[in-house]
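Below you'll find the structure, written out as structure tokens, and then a few comments.
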Amino acid sequence: QVQLVESGGGLVQAGGSLRLSCKIHGIILSVFTGDAADWYRQAPGKQRELVATIESDGRTNYDDSVRGRFAISRDNTRRTVYLQMNNLKPEDTALYYCNHRFYRNRWGQGTQVTVSS
């Protein structure tokens with residue numbers, strides 16, 4: 001059974017940093033490395049939005065709102081996807097989720113990020 005577990009969220013002041021982790025349990029290496037992974041976020045009262053993507057070849061893409069501040073990476077050995085978030089702003093406050101393209105319908109519980117002004 002494939003399970004996504006996000007962690008690393010918390011309460012931080014504006015300008016601070018957090019590093020989110022997404023461990024994907026039960027996924028075999030060739031599947032993990034063979035497709036893209038994404039980080040999404042959902043703020044209260046808003047739709048879930050795509051924040052960052054890392055392709056199977058390592059190319060990355062970011063939403064304009066986080067480009068230059070966030071960095072997505074992956075550790076194939078650990079089956080884990082990371083999101084380094086720097087210079088956080090109050091508008092980054094949301095529940096953050098990861099997703100693997102091979103298992104599009106599988107979601108974890110998310111990890112809450114709260115940025116105070």
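Chain labels A, B, ... are given in the sequence in which chains occur in the structure tokens; within each chain residues are numbered consecutively from 1, and ligands are likewise numbered from 1 in the order shown.
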
### Message
When DSSP is applied to the backbone of this structure, which of segment 46-108 of chain A are assigned strand (DSSP E or B)? Write them out as a PyMOL selection string.
### Response
chain A and resi 49-54+60-62+70-75+80-85+94-100

### Task
Would you mind listing what lies within 12 Å of Cys22 of chain A as a PyMOL selection string, with only C-alpha atoms counted and same-chain residues fewer than 6 positions away left out?
chain A and resi 3-9+37-40+72-76+78-84+96-100+107-111

### Summary
In Å and to one decimal, atom CA of Ala71 of chain A is distant from atom CA of Phe102 of chain A by 21.6 Å

### Task
Skip Leu18 of chain A itself and residues of its chain fewer than 2 positions away, then list as a ChimeraX atom specification all residues within 12 Å of it, counting only C-alpha atoms.
/A:7-16,20-21,69-71,82-89,92-93,96,111-115

### Query
Between A:Ala36, A:Lys23, A:Val2, A:Lys46, which one has atoms that come closest to Gly58 of chain A, using only C-alpha atoms?
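Closest residue, counting only C-alpha atoms: A:Ala36.
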
### Task
Quick one: pull the distance between atom CA of Thr77 of chain A and atom CA of Gly26 of chain A, Å, one decimal.
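Computing it gives 12.9 Å between the two atoms.
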
### Task
Tell me which protein, DNA and RNA residues are within 9 Å of Asn61 of chain A, counting only C-alpha atoms, leaving out same-chain ones fewer than 6 positions away, and put them as an NGL selection string.
:A and (51-55 or 67 or 72)

Would you write out those residues with all heavy atoms, as a CSV table (one decimal), in the first residue's frame?
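Done, and the output landed in result-v1.csv:
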chain,number,residue,atom,x,y,z
A,51,VAL,N,2.4,24.2,-6.3
A,51,VAL,CA,3.5,25.1,-5.9
A,51,VAL,C,4.8,24.8,-6.6
A,51,VAL,O,5.5,25.7,-7.1
A,51,VAL,CB,3.7,25.0,-4.4
A,51,VAL,CG1,4.9,25.8,-3.9
A,51,VAL,CG2,2.4,25.4,-3.6
A,52,ALA,N,5.1,23.5,-6.7
A,52,ALA,CA,6.4,23.2,-7.3
A,52,ALA,C,6.4,21.8,-7.8
A,52,ALA,O,5.6,20.9,-7.3
A,52,ALA,CB,7.5,23.3,-6.2
A,53,THR,N,7.2,21.5,-8.9
A,53,THR,CA,7.3,20.2,-9.5
A,53,THR,C,8.7,19.9,-9.7
A,53,THR,O,9.5,20.7,-10.1
A,53,THR,CB,6.6,20.3,-10.9
A,53,THR,OG1,5.2,20.5,-10.7
A,53,THR,CG2,6.7,18.9,-11.6
A,54,ILE,N,9.0,18.6,-9.5
A,54,ILE,CA,10.3,18.1,-9.9
A,54,ILE,C,10.1,16.9,-10.9
A,54,ILE,O,9.4,15.9,-10.5
A,54,ILE,CB,11.2,17.7,-8.7
A,54,ILE,CG1,12.6,17.3,-9.2
A,54,ILE,CG2,10.6,16.7,-7.8
A,54,ILE,CD1,13.7,17.3,-8.1
A,55,GLU,N,10.7,17.0,-12.1
A,55,GLU,CA,10.5,15.9,-13.1
A,55,GLU,C,11.4,14.8,-12.8
A,55,GLU,O,12.3,14.9,-12.0
A,55,GLU,CB,10.8,16.5,-14.5
A,55,GLU,CG,9.9,17.7,-14.8
A,55,GLU,CD,8.5,17.3,-15.1
A,55,GLU,OE1,8.2,16.1,-15.2
A,55,GLU,OE2,7.6,18.3,-15.3
A,67,ARG,N,8.7,31.3,-6.8
A,67,ARG,CA,9.9,31.1,-7.5
A,67,ARG,C,11.0,32.0,-6.9
A,67,ARG,O,10.8,33.2,-6.6
A,67,ARG,CB,9.7,31.5,-9.0
A,67,ARG,CG,11.0,31.2,-9.9
A,67,ARG,CD,10.7,31.4,-11.3
A,67,ARG,NE,9.8,30.3,-11.8
A,67,ARG,CZ,8.6,30.5,-12.3
A,67,ARG,NH1,8.0,31.7,-12.2
A,67,ARG,NH2,7.9,29.5,-12.7
A,72,ILE,N,12.5,22.7,-4.7
A,72,ILE,CA,12.0,21.3,-4.5
A,72,ILE,C,13.2,20.4,-4.9
A,72,ILE,O,14.0,20.7,-5.8
A,72,ILE,CB,10.8,21.0,-5.4
A,72,ILE,CG1,10.2,19.6,-5.2
A,72,ILE,CG2,11.1,21.2,-6.9
A,72,ILE,CD1,8.9,19.4,-5.9

Run DSSP on the backbone of this structure and report the residues of chain A it assigns to alpha helix (DSSP H), as a short mmCIF file (atom, residue, chain, number, x, y, z; two decimals) with N, CA, C and O atoms, in the first residue's frame.
data_model
loop_
_atom_site.label_atom_id
_atom_site.label_comp_id
_atom_site.auth_asym_id
_atom_site.auth_seq_id
_atom_site.Cartn_x
_atom_site.Cartn_y
_atom_site.Cartn_z
N LEU A 29 11.46 1.71 -6.37
CA LEU A 29 12.39 2.74 -6.82
C LEU A 29 12.14 3.16 -8.26
O LEU A 29 12.13 4.35 -8.58
N SER A 30 11.90 2.21 -9.15
CA SER A 30 11.74 2.55 -10.55
C SER A 30 10.50 3.40 -10.80
O SER A 30 10.48 4.25 -11.69
N VAL A 31 9.48 3.20 -9.99
CA VAL A 31 8.28 4.04 -10.10
C VAL A 31 8.55 5.41 -9.52
O VAL A 31 8.17 6.44 -10.09
N PHE A 32 9.23 5.44 -8.37
CA PHE A 32 9.53 6.72 -7.73
C PHE A 32 10.35 7.62 -8.65
O PHE A 32 10.07 8.80 -8.81
N THR A 33 11.37 7.05 -9.27
CA THR A 33 12.25 7.84 -10.12
C THR A 33 11.69 8.06 -11.52
O THR A 33 12.16 8.94 -12.24
#
